[in-house]
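Asker: Right, I'll just put the structure down here and ask away after.
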Amino acid sequence: MLEAKESSGSGGKPMRKRFRVVLFLSLVLSCPSTQGQLTSPEPGLAKTNMDSLKPAPFTLVILPDTQFYSLQYPQIFTAQAKWIVDNKEEKSIVFVLHEGDITHNNTESEWQNANESISILDDVVPYALAPGNHDSGRNGNTRDTELFNTHFSLNRYQNLPTFGGVYEPDKMDNCYHLFSAGGVDWLILVLEFGPRDDVLTWANQMVADNPGRQVIILTHTYLYSDDTLHGSKASHKWNPHNYGLAGGTGGANDGVEMWDKLVRLHENISFVINGHILNDGVGRLVSVGDHGNQVYQILANYQMLKDGGSGWLRLMEFVPELKKVSVKTYSPHLDQYNTHEQHEFELEENVDFFDKSTTAVAPQSKLSNMWGDIKGL
Ligand SMILES: [Zn+2]
């Protein structure tokens, strides 16, 4: 897979993979949430005070498929979680996103292993978990996620300030989280493996109901290792339609269908993050949605490597002041970075979501109402 490709989602308009930073844009313009203060400073306002008003850099951690850690190498999963906790302050880690296939055989002992590792994050850094095909029935033959929901229950998360709500009562398969960082309000939308049609209807509503938030979609499969949407070629393997769960009510949707039915439709969707795909396990694609917004779609999966993935995780480092996002790949197990261009790169310069205005996190009463509405679905 080549690093730089002309990218186009199914229906997305081609755009250059990289372009140079637009230097003439002042830092003032790049910081919408502090624009007022910086363009009209109080007389005598010290520079240090002005600097403190700039949106601070922050990091999201992506945990690719951990199925073999839960099955066979729980110490590697634990090393990842411990590293996140130990580096939370230094790297300003604000959220952890697990791409799914938390377990391999969906057994009680694997879930116990996973829980032991993930619990290290509890009360330290919020996280989102996307169930994969291996977390659902027996390798996705059904949408039975009872063990997932037993160990990572709604009850465990519903009172967290970052928790938004769920699609189905008492099920974490499809849910959303809220946080603010870098001067932007964010919404993480977690969608099940090959989401059903009704799940996409709900997802559309959630995104539309939160126009002031930039949305990160976290789902187990979406982008393929050839940098095209999963399902865009007949040669693509591991399509959700090829798993038993696709035969249930509501069917299943692959990457192409998710783009057409959800992702392309909303101006405020910025990212889609997924794992699942083997081959070289990495890919990225920048597409332009129907409203002209850039959508960054990133695949990372290391399960095929030594020891079930050698502990490789992804760091997405956001630098609002420079309108820059750097992606790095690091293994706490090996204490190494992988600096190959497929594993360490920057998103398009001048990423457009930093231009979006931001508001404070919705008041708790609003969240409660949203929660109440959703719970009844
Ligand atoms: Zn998978």
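Scheme for the structure tokens: letters A, B, ... for chains in order shown; per-chain residue numbers from 1; ligand numbers from 1 in order shown.
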List every residue of chain A that has an atom at most 6 Å from any atom of ligand 1, giving for each one its closest atom pair and the distance in Å to one decimal, counting only C-alpha atoms and all ligand atoms, sorted by chain and then by ascending residue number, as a tab-separated table.
Answerer:
```
residue	atom	partner	partner_atom_place_in_ligand_line	distance
A:Asp101	CA	ligand 1	1 (Zn)	5.4
A:Gly132	CA	ligand 1	1 (Zn)	5.3
A:Asn133	CA	ligand 1	1 (Zn)	5.1
A:His134	CA	ligand 1	1 (Zn)	5.9
A:His276	CA	ligand 1	1 (Zn)	3.8
```
Asker: Find the nearest atom pair between each residue of region 257-329 of chain A and region 233-241 of chain A for residues within 12 Å, count only C-alpha atoms, give distances in Å to one decimal, sort rows by chain and ascending number, and present the table as CSV.
Answerer:
```
residue,atom,partner,partner_atom,distance
A:Glu257,CA,A:Pro240,CA,11.0
A:Met258,CA,A:Pro240,CA,11.6
A:Gly275,CA,A:Trp238,CA,11.5
A:His276,CA,A:Trp238,CA,8.1
A:Ile277,CA,A:Trp238,CA,7.3
A:Leu278,CA,A:Trp238,CA,8.9
A:Asn279,CA,A:Lys237,CA,9.9
```
Asker: Would you mind listing, for every residue of region 264-375 of chain A within 6 Å of region 52-75 of chain A, the two atoms forming the shortest contact and the distance between them in Å to one decimal, using only C-alpha atoms, sorted by chain and ascending residue number, as JSON lines?
Answerer:
```
{"residue": "A:Gly275", "atom": "CA", "partner": "A:Pro64", "partner_atom": "CA", "distance": 5.8}
{"residue": "A:Asn301", "atom": "CA", "partner": "A:Pro64", "partner_atom": "CA", "distance": 5.1}
{"residue": "A:Gly308", "atom": "CA", "partner": "A:Phe68", "partner_atom": "CA", "distance": 4.9}
{"residue": "A:Leu313", "atom": "CA", "partner": "A:Leu63", "partner_atom": "CA", "distance": 5.3}
{"residue": "A:Arg314", "atom": "CA", "partner": "A:Ile62", "partner_atom": "CA", "distance": 4.8}
{"residue": "A:Leu315", "atom": "CA", "partner": "A:Val61", "partner_atom": "CA", "distance": 4.8}
{"residue": "A:Met316", "atom": "CA", "partner": "A:Leu60", "partner_atom": "CA", "distance": 5.1}
{"residue": "A:Glu317", "atom": "CA", "partner": "A:Thr59", "partner_atom": "CA", "distance": 4.4}
{"residue": "A:Phe318", "atom": "CA", "partner": "A:Phe58", "partner_atom": "CA", "distance": 5.3}
{"residue": "A:Val319", "atom": "CA", "partner": "A:Pro57", "partner_atom": "CA", "distance": 4.5}
```
Asker: In terms of the shortest atom-to-atom distance over only C-alpha atoms, which of A:Lys91, A:His333, A:Arg143, A:Lys323 is closest to Gly251 (chain A)?
Answerer: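 Checking each candidate against Gly251 (chain A), we get A:Arg143 as the closest.
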Asker: Could you pull the residues within 7 Å of Phe354 (chain A), counting only C-alpha atoms, minus those fewer than 3 positions along the same chain, as a list of chain:residue names?
Answerer: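 Those residues are A:Ser30, A:Val184, A:Pro320, A:Lys323, A:Val351.
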Asker: Kindly give the distance, in Å, that separates CA of Lys328 (chain A) and CA of Glu344 (chain A), rounded to a single decimal.
Answerer: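 Spanning CA of Lys328 (chain A) to CA of Glu344 (chain A) is a straight-line distance of 4.5 Å.
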